[in-house]
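Engineer: There's a structure below that I have some questions on.
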Amino acid sequence: MRSRIRKRWQRWINHRIPRRDHQILSQRNVFILPTGAGVIFGLLLLIMLITGINYQNSLIYLLTFILGAVFVAAMHQTHRNLAGLELTVLSGGEGFPGDPIPFRIRAKAGGNDALALSLSCEDTRIDQQHVLKGEPADLSLALVPFERGYFRPDRIRVETRFPFGLLKAWSWLRPVSAGIVFPDPIPAPESASTVQDGEQTSQARSIDGNDHADIRPWREGDLSQRVLWKRFARTGEMVIADWEGEQGSPQWLDYEAFRGVDQELRLSYLAYQVLDRMKTNRPFGLNLPGQRIDPDEGRAHGTRCLKALAVFGLEKPREGEPLAFGTRTQDASFGPGIRSAREARS
Amino acid sequence: MIPGTALAWLMGGFALLLIPQWDRLPVWLMVSCIVLAIWRWLAQLGRLRLPGKWSRSGLMAVLVAVYIATVQGRFTVETASSFFVLAVGLKWLETRTVRDFYVLLFILVYLATVNFLFHQEIHWTVINLTGVLVLFVGLQVLNAPGIPGAVRSGWKRLGLMFVKTLPVVVLLFVFFPRMAPLWSVPLVSGEARTGISDSMTPGDISNLAQSDERAFRVTFGDEIPAYRDRYWRGLFLDTLDGETWRQSRGDGFRRPGRVSVDGGVGELQPNEYDVLLEPTDQTWAFALEGSVAVSDNVEKNENGLFRFDRPADSAVRYRMGLAPQAAETGAALGNARQYLQLPANGNPRARELARSLREQASGPQELALNILSRFREQQYFYTLRPPQMPENGIDALLFDSKRGFCAHYAGAMTFLLRAADIPARVVVGYQGGEPGADNAYLIVRQYDAHAWVEAWIPGQGWTRFDPTAAIAPERIESGLRQAMQEEGSFLENNWTSPQRYGDMAMIQWASLQLDKINYQWQRWVVGYQGQSQMDLMSRLPGGFSLRELGYVTAAVIGGALLFAGLFTALRGRSFSGRDAFSRVLGRWHSICEAAGVPVRDGETPSRQAQRLAQAQPAVASSAMTFARLVNRHYYAGSSGAPGAGKSGPGAREELGRMKRLLGTLNKQVKRSKSSTGRE
């Protein structure tokens, strides 16, 4: 019964506050209730009123009415503190599981300063954030996810108790943007495809991403994972995609290198290898089923690889309840430079 | 845990709220509160550590023990309030968390409430309210310690709230039904109040003459009577017990509960007067001779005096009418033996004098006048510094020292009359009173306390004889100040009293103005209780009863909430920067979403309309027209087309078109959805 009520409530909230990366708080989506102290204050007012009645004391009546009016005024003040506040998700952040990942939100005050805001999501919470009129502020909430993949907080609660702490006004931000959690790096056994070879590494460095694949028939000694099995299924020919100068080349980190290993573990091994290459500043490429990232070096490249590992096999979360005719955003892509291996091969 | 600034403001509020308690708190309690607060403050600064659990409990036990020893089991509102202060003092050492802060705040707000029980003058009201405001500034600092200028903006915010809600507060104050007490807790006070008492030993009233505290204030519907006619009768003392005059019967059973403090009845008629009596803890109401009760919180007892039904533990307002024909003529003497009572022996010379006076005079009237002439003609002195007269005091006064105060002479004259077999009694009350600012009302102070004599004259009834008038006519004509001018003993022990410096015009003026403000405050604000409310309401058309007042209160609260809600909604609308055009766009978006076509950020209106048209072919033409209109609105300003700018009549017309179009669009979408639903 309780869970049913809870579910209904959640549904109502979700309906009222659709997933948006950009949210303007207004009376439509700001909720307000007295805090514990506020309830006690209400009781105190009642006791004061009874005192006033019993002792026929006009001034106690007066004090009670003044404080009661201040309480109501505080209701509006607290509400106005949030109303008009514009929240925009800047980025979902990225990081490793168990590490705090900053979820960054830009807040812009509307007609009034928004003072003493607190943002919370599950166990994480930041307090005393002040957003003054005309001075947008970037707030960042350090969330700690534990699973690889897209990471999107269901709701971020924005709350204020200003000015008196007798009332709390709150709303939720239900972001569309998601952070990305990389696979947990696990030291990988060095596999055959990544055996170190100094000469070939230096050769590979001269290739600046403009590689193309030579396709040649299979011959004795070729590693079975380098057979284009898809083509074999289509045509019956057993061919090897011979990436230029890449024969067993160490700069390619290959999903297929870890035969018989569980997918998540493979990704963890690859993440470890990516980190390892980044640390030693060696160029490398990443070969995932259905996706290939050309060899390169540098931080941005490494991050791109980690991201690819993070979302491997996962679908980007939808922005909310599906509508009959399409989605709110265009199909996601990882930008230029990343294309699917299938495209590359055709 | 608690920001220092917030704590400082809380302490400031505490200090302010403690001021009205100064005269009823024991000194040790005051000092311990201050010490404990300072301790807490030093702990905040890091100079000192807060006591641990054990030493705190020990301290608490000690202070509570001292408290119990001081109150000695008396339970009065005052002891309760000092316990309250003690609790606040001890709480300082425990204030570590935000929660403690709130506990302390709530206790302090209630302390302000308690303060109002004891002091209702305007300056105490201001101090109390300021204390509460200071607390609420501290509360704001607590909730947002980081913002620059927290205190200043806190005051500003609070002030604005106060000003904005003032009309509602005033309406509530006027219309909130003043119910009868739900249950009655008398405001018992352990404090001895300054004022006349129900027994009179020579010397009592001269002590009272050193006090400039107000006894009561009177507004007359007509002219203020002449000074010499202002005899305010309070009570009779009819039993002489050694040196002390007492009441033969007390005021009887003191009913529990509280006196009705508000006896204002309609407009003041020319032959009426309103008395605002300061708390006396007695049931006596003071009235001029020949008065009748008008308000129903006073009634006349069988002795012809006026009494409240319960002790006046707070300021009471009552109304009397002047009806000279209703004087004591023809009133029954009652128990004559009581009025002839004298101790079996003592004062032999006085008894001898009475006997000779009786032989000389033809009747009681003449005898009494003879006594007065004796006082007038012989060298009797009216003084605030009478000599000690321990044994046979009346003899000593009449024959030896011949120096005394009104109480001495009144007692002596009553003694003489009774010794001469004329029923007589001492009347205690006030005589005189000085006009307040603009002569609008009369202020009677404790130094106006007076005692005189009433004797039973057959055919006339009880008749007033004032020996003081014979000895020091200036006391009766213009007051104690004039009477004591030569002696210089007027308020000689009371350095701070503005009355003492009556000859300095500035001080006198200021003190009268302050009194005037306070009087109006007490009459119209503090005294605004049941009767005044009913009077005011009966003047409004419709004649409100208590129930209607309840409705009005509910309406005021509801109306204020509604108004404030609407106000916020409108403000919210204007603050979110949404003009009419963006509202139209918003509506367009929600229609699209309702049709199942999601709105994408950064998409042009035409593209959006195309997608809508694809999804719902039925609305294609309206959607495309709308998109065209939106484009025109965006780009018309730059093209300079006449009447198509962002403002002006053209723009309004355009908006109207858009709205109408959206209306049709909405209908079309609904129709096509319902038709697809049926298929």
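Every chain in the structure tokens takes a letter, A first, then B, and so on in the order presented; its residues are numbered from 1, and the ligands are numbered from 1 following the presented order.
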Using only C-alpha atoms, which residues sit within 12 Å of A:Gly313 once same-chain residues fewer than 6 positions away are excluded, as a ChimeraX atom specification?

Structural biologist: /A:148-150,263-264,267,288-291,307

Engineer: Deliver the residues from the most recent selection as a file, using N, CA, C and O atoms, as a PDB file, in the first residue's frame.

Structural biologist:
ATOM      1  N   ARG A 148      30.083   0.809 -14.250  1.00  0.00           N
ATOM      2  CA  ARG A 148      30.516   1.319 -15.541  1.00  0.00           C
ATOM      3  C   ARG A 148      29.276   1.737 -16.351  1.00  0.00           C
ATOM      4  O   ARG A 148      28.209   1.167 -16.197  1.00  0.00           O
ATOM      5  N   GLY A 149      29.465   2.721 -17.178  1.00  0.00           N
ATOM      6  CA  GLY A 149      28.408   3.044 -18.115  1.00  0.00           C
ATOM      7  C   GLY A 149      27.931   4.478 -17.968  1.00  0.00           C
ATOM      8  O   GLY A 149      28.628   5.319 -17.406  1.00  0.00           O
ATOM      9  N   TYR A 150      26.773   4.707 -18.535  1.00  0.00           N
ATOM     10  CA  TYR A 150      26.183   6.034 -18.391  1.00  0.00           C
ATOM     11  C   TYR A 150      25.719   6.179 -16.965  1.00  0.00           C
ATOM     12  O   TYR A 150      25.184   5.240 -16.386  1.00  0.00           O
ATOM     13  N   GLN A 263      33.066 -10.098 -20.645  1.00  0.00           N
ATOM     14  CA  GLN A 263      33.090  -8.783 -21.295  1.00  0.00           C
ATOM     15  C   GLN A 263      33.542  -7.665 -20.348  1.00  0.00           C
ATOM     16  O   GLN A 263      34.422  -6.866 -20.681  1.00  0.00           O
ATOM     17  N   GLU A 264      32.969  -7.642 -19.154  1.00  0.00           N
ATOM     18  CA  GLU A 264      33.299  -6.560 -18.226  1.00  0.00           C
ATOM     19  C   GLU A 264      34.781  -6.601 -17.860  1.00  0.00           C
ATOM     20  O   GLU A 264      35.440  -5.565 -17.742  1.00  0.00           O
ATOM     21  N   LEU A 267      36.867  -5.234 -20.641  1.00  0.00           N
ATOM     22  CA  LEU A 267      36.843  -3.766 -20.664  1.00  0.00           C
ATOM     23  C   LEU A 267      37.743  -3.212 -19.565  1.00  0.00           C
ATOM     24  O   LEU A 267      38.434  -2.210 -19.756  1.00  0.00           O
ATOM     25  N   LEU A 288      37.428  -2.054 -30.758  1.00  0.00           N
ATOM     26  CA  LEU A 288      36.309  -2.708 -30.084  1.00  0.00           C
ATOM     27  C   LEU A 288      35.414  -3.293 -31.152  1.00  0.00           C
ATOM     28  O   LEU A 288      35.384  -2.774 -32.274  1.00  0.00           O
ATOM     29  N   PRO A 289      34.692  -4.335 -30.824  1.00  0.00           N
ATOM     30  CA  PRO A 289      33.748  -4.841 -31.812  1.00  0.00           C
ATOM     31  C   PRO A 289      32.787  -3.742 -32.193  1.00  0.00           C
ATOM     32  O   PRO A 289      32.136  -3.157 -31.333  1.00  0.00           O
ATOM     33  N   GLY A 290      32.744  -3.430 -33.484  1.00  0.00           N
ATOM     34  CA  GLY A 290      31.810  -2.419 -33.959  1.00  0.00           C
ATOM     35  C   GLY A 290      32.338  -1.018 -33.845  1.00  0.00           C
ATOM     36  O   GLY A 290      31.661  -0.068 -34.216  1.00  0.00           O
ATOM     37  N   GLN A 291      33.506  -0.825 -33.322  1.00  0.00           N
ATOM     38  CA  GLN A 291      34.010   0.537 -33.172  1.00  0.00           C
ATOM     39  C   GLN A 291      35.522   0.514 -33.114  1.00  0.00           C
ATOM     40  O   GLN A 291      36.115  -0.402 -32.531  1.00  0.00           O
ATOM     41  N   LYS A 307      36.089   6.589 -22.685  1.00  0.00           N
ATOM     42  CA  LYS A 307      34.641   6.793 -22.828  1.00  0.00           C
ATOM     43  C   LYS A 307      34.033   5.694 -23.664  1.00  0.00           C
ATOM     44  O   LYS A 307      32.963   5.174 -23.365  1.00  0.00           O
TER      45      LYS A 307
END

Engineer: With a distance threshold of 8 Å and counting only C-alpha atoms, extract the residues of chain A near chain B and express them as a ChimeraX atom specification.

Structural biologist: /A:24,26-27,37,41,44,48,50,53-63,65-66,69-70,72-74,76,80,83-84,110-111,115-116,128,130,161-165,323-329

Engineer: Could you please determine the separation between atom CA of B:Ile591 and atom CA of A:His22 in Å, to one decimal place?

Structural biologist: 19.5 Å

Engineer: Please list as a PDB file with C-alpha atoms, in the first residue's frame every residue within 12 Å of stretch 353-362 of chain B, counting only C-alpha atoms and excluding residues in the same chain fewer than 2 positions away.

Structural biologist:
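So the final result, stored in result_24.pdb, reads:
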ATOM      1  CA  ASN B 347      -4.971  57.654  75.016  1.00  0.00           C
ATOM      2  CA  PRO B 348      -6.715  58.926  78.153  1.00  0.00           C
ATOM      3  CA  ARG B 349      -6.170  62.602  77.335  1.00  0.00           C
ATOM      4  CA  ALA B 350      -7.887  62.221  73.990  1.00  0.00           C
ATOM      5  CA  ARG B 351     -10.837  60.528  75.612  1.00  0.00           C
ATOM      6  CA  PRO B 364     -22.519  65.712  66.097  1.00  0.00           C
ATOM      7  CA  GLN B 365     -22.101  68.131  63.191  1.00  0.00           C
ATOM      8  CA  GLU B 366     -21.010  70.917  65.450  1.00  0.00           C
ATOM      9  CA  LEU B 367     -18.724  68.641  67.387  1.00  0.00           C
ATOM     10  CA  ALA B 368     -16.954  67.550  64.261  1.00  0.00           C
ATOM     11  CA  LEU B 369     -16.569  71.137  63.109  1.00  0.00           C
ATOM     12  CA  ASN B 370     -15.209  72.018  66.516  1.00  0.00           C
ATOM     13  CA  ILE B 371     -12.522  69.398  66.127  1.00  0.00           C
ATOM     14  CA  LEU B 372     -11.615  70.865  62.763  1.00  0.00           C
ATOM     15  CA  SER B 373     -11.410  74.380  64.174  1.00  0.00           C
ATOM     16  CA  ARG B 374      -9.157  73.099  66.925  1.00  0.00           C
ATOM     17  CA  ILE B 394      -3.016  59.920  69.510  1.00  0.00           C
ATOM     18  CA  ASP B 395      -2.434  61.730  72.783  1.00  0.00           C
ATOM     19  CA  LEU B 398      -2.962  65.952  69.768  1.00  0.00           C
ATOM     20  CA  PHE B 399      -1.265  67.462  72.784  1.00  0.00           C
ATOM     21  CA  ALA B 412      -6.931  60.919  65.763  1.00  0.00           C
ATOM     22  CA  MET B 413     -10.130  62.616  64.612  1.00  0.00           C
ATOM     23  CA  THR B 414     -11.945  59.313  64.206  1.00  0.00           C
ATOM     24  CA  PHE B 415     -10.797  58.405  67.677  1.00  0.00           C
ATOM     25  CA  LEU B 416     -12.181  61.652  69.103  1.00  0.00           C
ATOM     26  CA  LEU B 417     -15.496  61.266  67.302  1.00  0.00           C
ATOM     27  CA  ARG B 418     -15.949  57.708  68.474  1.00  0.00           C
ATOM     28  CA  ALA B 419     -14.990  58.640  72.001  1.00  0.00           C
ATOM     29  CA  ALA B 420     -17.762  61.249  71.780  1.00  0.00           C
ATOM     30  CA  ASP B 421     -20.223  58.541  70.656  1.00  0.00           C
ATOM     31  CA  ILE B 422     -20.432  59.633  67.059  1.00  0.00           C
TER      32      ILE B 422
END

Engineer: List every residue of stretch 45-198 of chain A that DSSP, applied to the backbone of this structure, places in helix (DSSP H, G or I), and write the result as number ranges by chain.

Structural biologist: A: 45-54, 58-82, 192-194, 198

Engineer: Grab the atom CA of B:Ile205 to atom CA of B:Leu384 distance for me, in Å with one decimal place.

Structural biologist: 9.3 Å

Engineer: Find the residues near A:Phe146: any atom within 12 Å, counting only C-alpha atoms, skip ones fewer than 6 places away on the same chain, and give them as a PyMOL selection string.

Structural biologist: chain A and resi 95-101+180-184

Engineer: Could you tell me how far atom CA of B:Gln508 lies from atom CA of B:Gln431, in Å and to one decimal?

Structural biologist: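 Separating atom CA of B:Gln508 from atom CA of B:Gln431 is a distance of 20.7 Å.
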